[in-house]
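Listing of final-v9.cif, mmCIF, C-alpha atoms
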data_upload
#
loop_
_atom_site.label_atom_id
_atom_site.label_comp_id
_atom_site.auth_asym_id
_atom_site.auth_seq_id
_atom_site.Cartn_x
_atom_site.Cartn_y
_atom_site.Cartn_z
CA MET A 124 96.78 76.93 126.90
CA ASP A 125 93.14 77.98 126.61
CA ARG A 126 92.14 81.52 127.52
CA ILE A 127 88.90 83.32 128.46
CA PRO A 128 88.15 85.90 125.71
CA ILE A 129 88.07 89.59 126.62
CA LEU A 130 85.92 91.87 124.42
CA LYS A 131 86.15 95.65 124.15
CA LEU A 132 83.02 97.80 124.01
CA GLY A 133 83.71 101.53 124.04
CA ASP A 134 86.07 101.97 126.96
CA CYS A 135 84.76 98.90 128.77
CA LEU A 136 86.08 95.37 128.78
CA LEU A 137 83.57 92.53 128.74
CA VAL A 138 84.22 89.01 129.93
CA SER A 139 81.69 86.20 129.89
CA ILE A 140 82.95 83.12 131.68
CA GLN A 141 81.39 80.16 129.86
CA VAL A 142 83.54 77.28 131.09
CA ASP A 143 84.26 75.70 134.45
CA MET A 144 87.66 77.30 135.07
CA HIS A 145 90.52 75.43 136.63
CA ASP A 146 92.69 77.54 138.94
CA ARG A 147 95.44 78.36 136.45
CA LEU A 148 92.86 79.52 133.91
CA ALA A 149 91.38 81.84 136.56
CA ILE A 150 94.81 83.27 137.29
CA SER A 151 95.53 83.85 133.58
CA LEU A 152 92.20 85.70 133.24
CA GLN A 153 93.23 87.93 136.15
CA ASP A 154 96.59 88.67 134.49
CA ASP A 155 95.11 89.18 131.00
CA LEU A 156 92.47 91.60 132.30
CA THR A 157 95.00 93.69 134.19
CA GLU A 158 97.14 93.93 131.07
CA ARG A 159 94.16 94.85 128.86
CA ILE A 160 92.88 97.54 131.24
CA ASN A 161 96.23 99.22 130.88
CA LYS A 162 96.66 98.65 127.13
CA ASP A 163 93.08 99.62 126.14
CA ARG A 164 92.83 102.42 128.76
CA ALA A 165 89.59 100.84 129.94
CA ARG A 166 87.41 102.59 132.52
CA GLY A 167 85.14 99.66 133.24
CA VAL A 168 85.25 95.88 133.47
CA LEU A 169 82.09 93.82 133.26
CA ILE A 170 82.29 90.14 134.18
CA ASP A 171 79.33 87.91 133.38
CA ILE A 172 79.23 84.81 135.61
CA SER A 173 75.71 83.66 134.68
CA ALA A 174 77.11 80.40 133.28
CA LEU A 175 79.10 79.60 136.43
CA GLU A 176 77.57 76.78 138.45
CA ILE A 177 79.69 77.52 141.50
CA VAL A 178 81.92 80.27 142.89
CA ASP A 179 84.28 78.79 145.44
CA SER A 180 86.85 80.61 147.57
CA PHE A 181 89.44 80.58 144.78
CA ILE A 182 87.18 82.08 142.13
CA GLY A 183 85.80 84.50 144.72
CA ARG A 184 89.31 85.65 145.52
CA MET A 185 90.03 86.03 141.80
CA LEU A 186 86.98 88.32 141.40
CA SER A 187 88.09 90.42 144.41
CA ASN A 188 91.64 90.61 143.04
CA ILE A 189 90.44 91.73 139.60
CA ALA A 190 88.29 94.45 141.19
CA ALA A 191 91.18 95.64 143.36
CA MET A 192 93.71 95.70 140.50
CA ALA A 193 91.23 97.45 138.19
CA ARG A 194 90.58 100.06 140.89
CA VAL A 195 94.29 100.79 141.18
CA LEU A 196 94.36 101.27 137.39
CA ASP A 197 91.37 103.67 137.62
CA ALA A 198 88.77 101.24 136.26
CA ARG A 199 85.64 99.91 137.96
CA THR A 200 84.53 96.28 137.96
CA VAL A 201 80.98 94.97 138.02
CA VAL A 202 80.15 91.27 138.29
CA VAL A 203 76.78 90.35 136.78
CA GLY A 204 74.47 87.36 136.48
CA MET A 205 75.24 85.45 139.65
CA ARG A 206 72.83 82.53 140.01
CA PRO A 207 70.70 82.56 143.19
CA ALA A 208 72.04 79.16 144.34
CA VAL A 209 75.59 80.46 143.91
CA ALA A 210 74.77 83.55 146.00
CA ILE A 211 73.29 81.41 148.80
CA THR A 212 76.31 79.11 148.80
CA LEU A 213 78.81 82.00 148.76
CA VAL A 214 77.31 83.55 151.86
CA GLU A 215 77.28 80.22 153.71
CA LEU A 216 80.85 79.56 152.65
CA GLY A 217 81.75 82.88 154.27
CA LEU A 218 82.82 84.83 151.19
CA SER A 219 81.91 88.49 151.03
CA LEU A 220 83.41 89.40 147.60
CA GLU A 221 84.94 92.47 149.15
CA GLY A 222 85.21 95.48 146.86
CA VAL A 223 83.24 93.80 144.05
CA ALA A 224 80.20 95.67 142.72
CA THR A 225 77.43 93.40 141.44
CA ALA A 226 74.38 93.80 139.22
CA LEU A 227 71.57 91.46 138.25
CA ASN A 228 72.26 91.39 134.51
CA VAL A 229 74.50 92.81 131.79
CA GLU A 230 72.23 95.78 131.08
CA ARG A 231 72.13 96.91 134.70
CA GLY A 232 75.82 96.17 135.01
CA MET A 233 76.64 98.57 132.16
CA GLU A 234 74.46 101.23 133.77
CA LEU A 235 76.28 100.74 137.05
CA ILE A 236 79.70 101.04 135.38
CA LEU A 237 78.62 104.28 133.72
CA SER A 238 77.39 105.74 136.97
CA LEU A 239 80.52 104.57 138.83
CA THR A 240 82.69 106.29 136.23
CA GLY A 241 80.54 109.41 136.25
CA ARG A 242 79.02 109.21 132.77
CA LYS A 243 75.57 108.85 131.29
CA ARG A 244 76.29 107.03 128.06
CA LEU A 245 78.98 104.75 126.82
CA LEU A 246 78.30 103.96 123.18
CA ALA A 247 75.82 106.54 121.92
CA GLY A 248 77.95 109.39 123.23
CA GLU A 249 81.07 108.06 121.61
CA LEU A 250 79.38 107.31 118.31
CA ASN A 251 77.97 110.84 118.17
CA HIS A 252 81.37 112.19 118.97
CA ASN A 253 82.95 110.15 116.17
CA ALA A 254 80.20 111.13 113.74
CA ARG A 255 80.78 114.79 114.51
CA ARG A 256 84.46 114.40 113.86
CA LYS A 257 83.76 112.96 110.42
CA GLU A 258 81.46 115.80 109.42
CA MET B 265 76.03 51.75 155.90
CA PRO B 266 75.01 50.21 152.54
CA VAL B 267 76.81 51.70 149.55
CA GLU B 268 74.85 51.61 146.28
CA ARG B 269 77.55 52.87 143.99
CA ASN B 270 81.10 54.12 144.30
CA GLU B 271 83.92 55.56 142.24
CA THR B 272 87.41 56.81 143.10
CA LEU B 273 89.17 59.68 141.32
CA ALA B 274 92.82 60.70 141.47
CA VAL B 275 93.34 64.41 142.12
CA ASN B 276 96.81 65.68 141.29
CA ARG B 277 96.42 68.86 139.23
CA SER B 278 94.03 71.83 139.13
CA GLU B 279 92.30 70.30 136.06
CA ASP B 280 91.41 67.27 138.20
CA VAL B 281 89.50 69.57 140.58
CA VAL B 282 87.25 70.51 137.64
CA LEU B 283 86.54 66.80 137.06
CA VAL B 284 85.69 66.32 140.75
CA ARG B 285 83.20 69.21 140.49
CA ALA B 286 81.60 67.71 137.36
CA LYS B 287 81.30 64.23 138.91
CA THR B 288 79.90 65.60 142.17
CA ARG B 289 77.32 67.56 140.21
CA ASP B 290 76.31 64.47 138.16
CA TRP B 291 75.96 62.33 141.27
CA SER B 292 74.04 65.08 143.12
CA ILE B 293 71.61 65.36 140.22
CA SER B 294 71.04 61.60 140.07
CA LEU B 295 70.23 61.66 143.82
CA GLY B 296 67.59 64.32 143.14
CA PHE B 297 69.31 67.16 145.04
CA THR B 298 67.81 70.63 144.53
CA ILE B 299 69.88 73.27 142.72
CA VAL B 300 70.93 74.80 146.06
CA GLU B 301 71.88 71.38 147.50
CA GLN B 302 73.86 70.55 144.35
CA THR B 303 75.64 73.90 144.43
CA LYS B 304 76.59 73.52 148.11
CA MET B 305 77.91 69.97 147.63
CA VAL B 306 79.87 70.87 144.48
CA THR B 307 81.36 73.94 146.17
CA ALA B 308 82.44 71.90 149.22
CA ALA B 309 83.94 69.25 146.90
CA SER B 310 85.83 71.93 145.00
CA GLU B 311 87.37 73.37 148.19
CA LEU B 312 88.44 69.99 149.54
CA ALA B 313 89.72 68.70 146.19
CA ARG B 314 91.82 71.85 145.79
CA ASN B 315 93.26 71.25 149.28
CA LEU B 316 94.54 67.87 148.08
CA VAL B 317 96.46 69.56 145.25
CA VAL B 318 97.67 72.62 147.19
CA HIS B 319 98.52 71.09 150.57
CA ALA B 320 99.33 67.46 149.88
CA GLY B 321 100.60 67.41 146.29
CA GLY B 322 97.65 65.19 145.32
CA GLY B 323 95.33 62.55 146.70
CA THR B 324 92.10 60.72 145.96
CA VAL B 325 88.36 61.36 146.19
CA ARG B 326 85.90 58.52 146.65
CA LEU B 327 82.29 59.22 145.71
CA GLU B 328 79.59 57.00 147.22
CA THR B 329 75.82 56.93 147.13
CA ILE B 330 74.78 55.68 150.56
CA ASN B 331 71.58 54.44 152.19
CA SER B 332 70.57 54.91 155.81
CA GLU B 333 67.18 54.52 157.47
CA GLN B 334 65.27 55.11 154.29
CA ARG B 335 67.24 58.14 153.27
CA ARG B 336 69.90 58.42 150.64
CA GLY B 337 72.93 60.63 150.52
CA LEU B 338 76.16 61.45 148.77
CA ARG B 339 79.36 60.76 150.68
CA LEU B 340 82.72 62.08 149.49
CA THR B 341 85.99 60.98 151.07
CA PHE B 342 89.16 62.99 150.42
CA GLU B 343 92.38 61.21 151.27
CA ASP B 344 96.03 62.20 150.97
CA GLN B 345 99.46 61.16 152.17
CA GLY B 346 100.55 64.76 152.63
CA PRO B 347 102.07 66.53 155.64
CA GLY B 348 98.90 66.21 157.74
CA ILE B 349 97.37 68.83 160.03
CA ALA B 350 98.92 69.29 163.48
CA ASP B 351 96.14 71.45 164.96
CA ILE B 352 92.74 70.56 163.46
CA GLN B 353 90.83 73.07 165.62
CA GLN B 354 93.04 75.87 164.30
CA ALA B 355 92.70 74.62 160.70
CA LEU B 356 88.90 74.66 161.04
CA ARG B 357 88.80 78.29 162.16
CA ASP B 358 87.52 80.86 159.63
CA GLY B 359 90.38 82.84 158.17
CA PHE B 360 93.18 80.48 159.19
CA SER B 361 95.41 79.66 156.24
CA SER B 362 98.82 78.04 156.02
CA LYS B 363 99.20 78.89 152.32
CA GLY B 364 98.09 82.50 152.06
CA GLY B 365 94.55 81.66 150.95
CA LEU B 366 91.33 83.03 152.39
CA GLY B 367 91.19 80.35 155.07
CA LEU B 368 87.64 79.36 154.14
CA GLY B 369 88.27 76.00 152.48
CA LEU B 370 87.84 73.75 155.52
CA SER B 371 85.60 75.90 157.74
CA GLY B 372 83.44 77.01 154.81
CA SER B 373 82.93 73.56 153.31
CA LYS B 374 81.96 72.23 156.76
CA ARG B 375 79.04 74.68 156.74
CA LEU B 376 77.90 73.48 153.31
CA VAL B 377 77.34 69.81 154.23
CA ASN B 378 75.32 67.78 156.75
CA GLU B 379 78.21 65.72 158.09
CA PHE B 380 81.89 66.58 158.22
CA ASP B 381 84.52 64.27 159.64
CA ILE B 382 88.25 64.94 159.65
CA SER B 383 91.16 62.88 160.86
CA SER B 384 94.81 63.65 160.33
CA THR B 385 98.18 62.40 161.45
CA PRO B 386 101.14 64.75 160.99
CA GLY B 387 103.63 63.19 158.60
CA GLU B 388 101.15 60.57 157.38
CA GLY B 389 98.20 62.33 155.81
CA THR B 390 94.65 63.57 156.12
CA ARG B 391 91.23 62.04 155.54
CA ILE B 392 88.07 64.16 155.28
CA CYS B 393 84.63 62.65 154.84
CA ILE B 394 81.56 64.73 154.01
CA VAL B 395 77.93 63.69 153.58
CA ARG B 396 74.92 65.50 152.25
CA TRP B 397 71.56 63.77 152.72
CA LYS B 398 68.67 64.01 150.32
#
Reformat the file's structure so that it appears as C-alpha cells.
Amino acid sequence: MDRIPILKLGDCLLVSIQVDMHDRLAISLQDDLTERINKDRARGVLIDISALEIVDSFIGRMLSNIAAMARVLDARTVVVGMRPAVAITLVELGLSLEGVATALNVERGMELILSLTGRKRLLAGELNHNARRKE
Amino acid sequence: MPVERNETLAVNRSEDVVLVRAKTRDWSISLGFTIVEQTKMVTAASELARNLVVHAGGGTVRLETINSEQRRGLRLTFEDQGPGIADIQQALRDGFSSKGGLGLGLSGSKRLVNEFDISSTPGEGTRICIVRWK
C-alpha cells in the first residue's frame, strides 16, 4: 500500500501531503507519525497541507488526532499552508481543528515549533554542537 | 428541470470517495465555479460519499449539470440501500454521530450547498440530493 513520506530534520518530522488521501491512507499516516515521533525522539511535527484541495471532517479529525497523540509523546504539531478556500470551507463545515497549531508557511511553521518547544534554533545550533564535538 | 449532462459512479470503498471528489471538482470547474464554490461542493461531496461507504456499505452518486431559469448548477444525488435513518432531524444536528465520527458530515455539508434534500426509509435506504448554483 502507498504511504505518505515522513522526513526528519533535526529533531523535527516533516510531512508534505501531495496526494488526495483516501481514508485508510490518512489513518496510516497517523499511525506512522506516532511511531516515528517515538522512534526518532522528535520534538516537533510539521505538516504541509498546501497541496490539499479540501480538508473534510475525516482529514480534520486526523490532523487533530495527530496533534493530540504528538502532545502526549511530548512533541508539538504545526499545520502549515492551508489554502484560503479550504479555511473558509472548514469553518462553514463546523470544524475547529481543536488543539492544532497553524502557520502560514513552512518557514513560519518551523519558527512556531521552535518557540513551542522553547528553543531558538533547530539546525544551526545542532550543527555547531556537532562541529564542536569533532574539534 | 433540464439536465445537460449526467454520470453515475459506484461508491463502495474509500478509494471511490477520492474519485467522487475528483469528478465533482472537474464538473465544478467546467461550470465556472470559483475556487471557494468548488471547494465547498467537493467537501460536501466527500462527506456524503463517505457516508455511503461507512453507513450503508456502498451506494451510488449521480452527477448532473442542470439548467433552471437561465442559471446553471451542479446536482449530486447520493443513493444507498443501507439501513436508512430513523430520525432525520437528529441526524442533521451538529455533533450527532451513530459511528463515533465528529457528527458534521450531514449538518456540515448542508451548510456548504444551496439546496439539500434528504429522504430515508428505515430498512430500505437513503437518498440525499444537493445542488450548488453558479
Exercise for the section: Using the chain letters and numbers from the file, give me the residues hit by the PyMOL selection byres ((chain B and resi 279) around 10), as a PyMOL selection string. Expected result: (chain A and resi 143-148) or (chain B and resi 275-278+280-284+314)
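The residues caught by the PyMOL selection byres ((chain A and resi 196) around 10) in this file are Thr157, Ile160, Asn161, Arg164, Ala165, Arg166, Ala190, Ala191, Met192, Ala193, Arg194, Val195, Asp197, Ala198 and Arg199 of chain A.
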Put those residues in a file: C-alpha atoms, as a PDB file, keeping the file's coordinate frame.
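Generated file (out02.pdb):
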ATOM      1  CA  THR A 157      95.000  93.690 134.190  1.00  0.00           C
ATOM      2  CA  ILE A 160      92.880  97.540 131.240  1.00  0.00           C
ATOM      3  CA  ASN A 161      96.230  99.220 130.880  1.00  0.00           C
ATOM      4  CA  ARG A 164      92.830 102.420 128.760  1.00  0.00           C
ATOM      5  CA  ALA A 165      89.590 100.840 129.940  1.00  0.00           C
ATOM      6  CA  ARG A 166      87.410 102.590 132.520  1.00  0.00           C
ATOM      7  CA  ALA A 190      88.290  94.450 141.190  1.00  0.00           C
ATOM      8  CA  ALA A 191      91.180  95.640 143.360  1.00  0.00           C
ATOM      9  CA  MET A 192      93.710  95.700 140.500  1.00  0.00           C
ATOM     10  CA  ALA A 193      91.230  97.450 138.190  1.00  0.00           C
ATOM     11  CA  ARG A 194      90.580 100.060 140.890  1.00  0.00           C
ATOM     12  CA  VAL A 195      94.290 100.790 141.180  1.00  0.00           C
ATOM     13  CA  ASP A 197      91.370 103.670 137.620  1.00  0.00           C
ATOM     14  CA  ALA A 198      88.770 101.240 136.260  1.00  0.00           C
ATOM     15  CA  ARG A 199      85.640  99.910 137.960  1.00  0.00           C
TER      16      ARG A 199
END
Handout entry: Selection result for the PyMOL selection byres ((chain A) within 9 of (chain B)) on this file, as a VMD selection string
Key = chain A and resid 143 to 147 176 to 181 184 207 to 209 211 to 213 215 to 218
Problem - Selected residue of minimal separation from B:Leu340 among B:Ser294, B:Asn315, B:Thr288, B:Gln354, counting all atoms listed in the file - result: B:Thr288
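As for atom CA of B:Glu333 and atom CA of B:Ile382, they are spaced 23.6 Å apart.
Separating atom CA of A:Arg231 from atom CA of A:Glu158 is a distance of 25.4 Å.
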Take stretch 349-364 of chain B from the block and save it with all heavy atoms, as a PDB file, in the first residue's frame.
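The resulting file, out.pdb, is shown below:
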ATOM      1  N   ILE B 349     -32.276   6.112   7.852  1.00  0.00           N
ATOM      2  CA  ILE B 349     -32.143   6.980   9.028  1.00  0.00           C
ATOM      3  C   ILE B 349     -33.530   7.111   9.658  1.00  0.00           C
ATOM      4  O   ILE B 349     -34.471   7.577   9.017  1.00  0.00           O
ATOM      5  CB  ILE B 349     -31.628   8.374   8.607  1.00  0.00           C
ATOM      6  CG1 ILE B 349     -30.268   8.256   7.893  1.00  0.00           C
ATOM      7  CG2 ILE B 349     -31.500   9.304   9.826  1.00  0.00           C
ATOM      8  CD1 ILE B 349     -29.814   9.526   7.195  1.00  0.00           C
ATOM      9  N   ALA B 350     -33.636   6.678  10.924  1.00  0.00           N
ATOM     10  CA  ALA B 350     -34.952   6.699  11.584  1.00  0.00           C
ATOM     11  C   ALA B 350     -35.363   8.129  11.932  1.00  0.00           C
ATOM     12  O   ALA B 350     -36.501   8.532  11.706  1.00  0.00           O
ATOM     13  CB  ALA B 350     -34.916   5.829  12.836  1.00  0.00           C
ATOM     14  N   ASP B 351     -34.417   8.909  12.468  1.00  0.00           N
ATOM     15  CA  ASP B 351     -34.732  10.266  12.914  1.00  0.00           C
ATOM     16  C   ASP B 351     -33.854  11.261  12.152  1.00  0.00           C
ATOM     17  O   ASP B 351     -32.709  11.505  12.534  1.00  0.00           O
ATOM     18  CB  ASP B 351     -34.494  10.370  14.427  1.00  0.00           C
ATOM     19  CG  ASP B 351     -34.942  11.723  14.984  1.00  0.00           C
ATOM     20  OD1 ASP B 351     -35.106  12.692  14.197  1.00  0.00           O
ATOM     21  OD2 ASP B 351     -35.118  11.813  16.211  1.00  0.00           O
ATOM     22  N   ILE B 352     -34.391  11.821  11.056  1.00  0.00           N
ATOM     23  CA  ILE B 352     -33.589  12.696  10.197  1.00  0.00           C
ATOM     24  C   ILE B 352     -33.217  13.991  10.918  1.00  0.00           C
ATOM     25  O   ILE B 352     -32.094  14.480  10.797  1.00  0.00           O
ATOM     26  CB  ILE B 352     -34.337  12.979   8.867  1.00  0.00           C
ATOM     27  CG1 ILE B 352     -34.315  11.688   8.016  1.00  0.00           C
ATOM     28  CG2 ILE B 352     -33.675  14.110   8.085  1.00  0.00           C
ATOM     29  CD1 ILE B 352     -35.058  11.787   6.709  1.00  0.00           C
ATOM     30  N   GLN B 353     -34.141  14.529  11.715  1.00  0.00           N
ATOM     31  CA  GLN B 353     -33.849  15.769  12.451  1.00  0.00           C
ATOM     32  C   GLN B 353     -32.640  15.578  13.365  1.00  0.00           C
ATOM     33  O   GLN B 353     -31.765  16.433  13.458  1.00  0.00           O
ATOM     34  CB  GLN B 353     -35.068  16.221  13.272  1.00  0.00           C
ATOM     35  CG  GLN B 353     -36.210  16.774  12.421  1.00  0.00           C
ATOM     36  CD  GLN B 353     -35.718  17.736  11.346  1.00  0.00           C
ATOM     37  OE1 GLN B 353     -34.931  18.632  11.612  1.00  0.00           O
ATOM     38  NE2 GLN B 353     -36.167  17.528  10.100  1.00  0.00           N
ATOM     39  N   GLN B 354     -32.602  14.423  14.034  1.00  0.00           N
ATOM     40  CA  GLN B 354     -31.476  14.131  14.933  1.00  0.00           C
ATOM     41  C   GLN B 354     -30.181  13.966  14.123  1.00  0.00           C
ATOM     42  O   GLN B 354     -29.138  14.498  14.504  1.00  0.00           O
ATOM     43  CB  GLN B 354     -31.782  12.834  15.688  1.00  0.00           C
ATOM     44  CG  GLN B 354     -30.725  12.463  16.709  1.00  0.00           C
ATOM     45  CD  GLN B 354     -30.983  11.079  17.276  1.00  0.00           C
ATOM     46  OE1 GLN B 354     -31.234  10.112  16.543  1.00  0.00           O
ATOM     47  NE2 GLN B 354     -30.945  10.978  18.592  1.00  0.00           N
ATOM     48  N   ALA B 355     -30.283  13.280  12.984  1.00  0.00           N
ATOM     49  CA  ALA B 355     -29.098  13.038  12.153  1.00  0.00           C
ATOM     50  C   ALA B 355     -28.535  14.335  11.586  1.00  0.00           C
ATOM     51  O   ALA B 355     -27.343  14.443  11.303  1.00  0.00           O
ATOM     52  CB  ALA B 355     -29.448  12.083  11.015  1.00  0.00           C
ATOM     53  N   LEU B 356     -29.394  15.347  11.443  1.00  0.00           N
ATOM     54  CA  LEU B 356     -28.953  16.624  10.865  1.00  0.00           C
ATOM     55  C   LEU B 356     -28.395  17.585  11.912  1.00  0.00           C
ATOM     56  O   LEU B 356     -27.957  18.679  11.586  1.00  0.00           O
ATOM     57  CB  LEU B 356     -30.126  17.310  10.150  1.00  0.00           C
ATOM     58  CG  LEU B 356     -30.414  16.820   8.721  1.00  0.00           C
ATOM     59  CD1 LEU B 356     -31.720  17.372   8.212  1.00  0.00           C
ATOM     60  CD2 LEU B 356     -29.266  17.204   7.795  1.00  0.00           C
ATOM     61  N   ARG B 357     -28.431  17.163  13.189  1.00  0.00           N
ATOM     62  CA  ARG B 357     -27.929  18.045  14.240  1.00  0.00           C
ATOM     63  C   ARG B 357     -26.403  17.978  14.300  1.00  0.00           C
ATOM     64  O   ARG B 357     -25.822  16.894  14.204  1.00  0.00           O
ATOM     65  CB  ARG B 357     -28.523  17.611  15.592  1.00  0.00           C
ATOM     66  CG  ARG B 357     -28.688  18.742  16.568  1.00  0.00           C
ATOM     67  CD  ARG B 357     -29.337  18.246  17.851  1.00  0.00           C
ATOM     68  NE  ARG B 357     -30.656  17.647  17.633  1.00  0.00           N
ATOM     69  CZ  ARG B 357     -31.133  16.614  18.339  1.00  0.00           C
ATOM     70  NH1 ARG B 357     -30.400  16.042  19.268  1.00  0.00           N
ATOM     71  NH2 ARG B 357     -32.335  16.147  18.094  1.00  0.00           N
ATOM     72  N   ASP B 358     -25.759  19.130  14.476  1.00  0.00           N
ATOM     73  CA  ASP B 358     -24.299  19.178  14.631  1.00  0.00           C
ATOM     74  C   ASP B 358     -23.881  18.296  15.797  1.00  0.00           C
ATOM     75  O   ASP B 358     -24.447  18.391  16.883  1.00  0.00           O
ATOM     76  CB  ASP B 358     -23.843  20.614  14.949  1.00  0.00           C
ATOM     77  CG  ASP B 358     -23.488  21.376  13.678  1.00  0.00           C
ATOM     78  OD1 ASP B 358     -23.339  20.740  12.632  1.00  0.00           O
ATOM     79  OD2 ASP B 358     -23.361  22.613  13.757  1.00  0.00           O
ATOM     80  N   GLY B 359     -22.887  17.460  15.556  1.00  0.00           N
ATOM     81  CA  GLY B 359     -22.325  16.673  16.653  1.00  0.00           C
ATOM     82  C   GLY B 359     -23.013  15.343  16.876  1.00  0.00           C
ATOM     83  O   GLY B 359     -22.544  14.527  17.660  1.00  0.00           O
ATOM     84  N   PHE B 360     -24.121  15.077  16.159  1.00  0.00           N
ATOM     85  CA  PHE B 360     -24.745  13.767  16.322  1.00  0.00           C
ATOM     86  C   PHE B 360     -24.057  12.771  15.408  1.00  0.00           C
ATOM     87  O   PHE B 360     -23.920  12.995  14.213  1.00  0.00           O
ATOM     88  CB  PHE B 360     -26.251  13.795  16.000  1.00  0.00           C
ATOM     89  CG  PHE B 360     -26.871  12.426  16.067  1.00  0.00           C
ATOM     90  CD1 PHE B 360     -27.212  11.879  17.290  1.00  0.00           C
ATOM     91  CD2 PHE B 360     -27.017  11.657  14.927  1.00  0.00           C
ATOM     92  CE1 PHE B 360     -27.724  10.592  17.367  1.00  0.00           C
ATOM     93  CE2 PHE B 360     -27.530  10.359  14.993  1.00  0.00           C
ATOM     94  CZ  PHE B 360     -27.893   9.827  16.216  1.00  0.00           C
ATOM     95  N   SER B 361     -23.596  11.654  15.981  1.00  0.00           N
ATOM     96  CA  SER B 361     -22.956  10.632  15.170  1.00  0.00           C
ATOM     97  C   SER B 361     -23.365   9.253  15.650  1.00  0.00           C
ATOM     98  O   SER B 361     -23.425   9.000  16.850  1.00  0.00           O
ATOM     99  CB  SER B 361     -21.434  10.768  15.248  1.00  0.00           C
ATOM    100  OG  SER B 361     -20.841   9.660  14.616  1.00  0.00           O
ATOM    101  N   SER B 362     -23.670   8.376  14.706  1.00  0.00           N
ATOM    102  CA  SER B 362     -24.009   6.997  15.092  1.00  0.00           C
ATOM    103  C   SER B 362     -22.785   6.096  14.981  1.00  0.00           C
ATOM    104  O   SER B 362     -22.816   4.942  15.332  1.00  0.00           O
ATOM    105  CB  SER B 362     -25.133   6.466  14.192  1.00  0.00           C
ATOM    106  OG  SER B 362     -24.712   6.490  12.843  1.00  0.00           O
ATOM    107  N   LYS B 363     -21.674   6.637  14.450  1.00  0.00           N
ATOM    108  CA  LYS B 363     -20.494   5.792  14.220  1.00  0.00           C
ATOM    109  C   LYS B 363     -19.232   6.332  14.892  1.00  0.00           C
ATOM    110  O   LYS B 363     -18.127   5.989  14.498  1.00  0.00           O
ATOM    111  CB  LYS B 363     -20.231   5.667  12.710  1.00  0.00           C
ATOM    112  CG  LYS B 363     -21.281   4.867  11.971  1.00  0.00           C
ATOM    113  CD  LYS B 363     -20.882   3.422  11.831  1.00  0.00           C
ATOM    114  CE  LYS B 363     -21.980   2.677  11.076  1.00  0.00           C
ATOM    115  NZ  LYS B 363     -21.689   1.286  10.877  1.00  0.00           N
ATOM    116  N   GLY B 364     -19.387   7.213  15.854  1.00  0.00           N
ATOM    117  CA  GLY B 364     -18.217   7.727  16.549  1.00  0.00           C
ATOM    118  C   GLY B 364     -17.432   8.763  15.785  1.00  0.00           C
ATOM    119  O   GLY B 364     -16.287   9.055  16.103  1.00  0.00           O
TER     120      GLY B 364
END
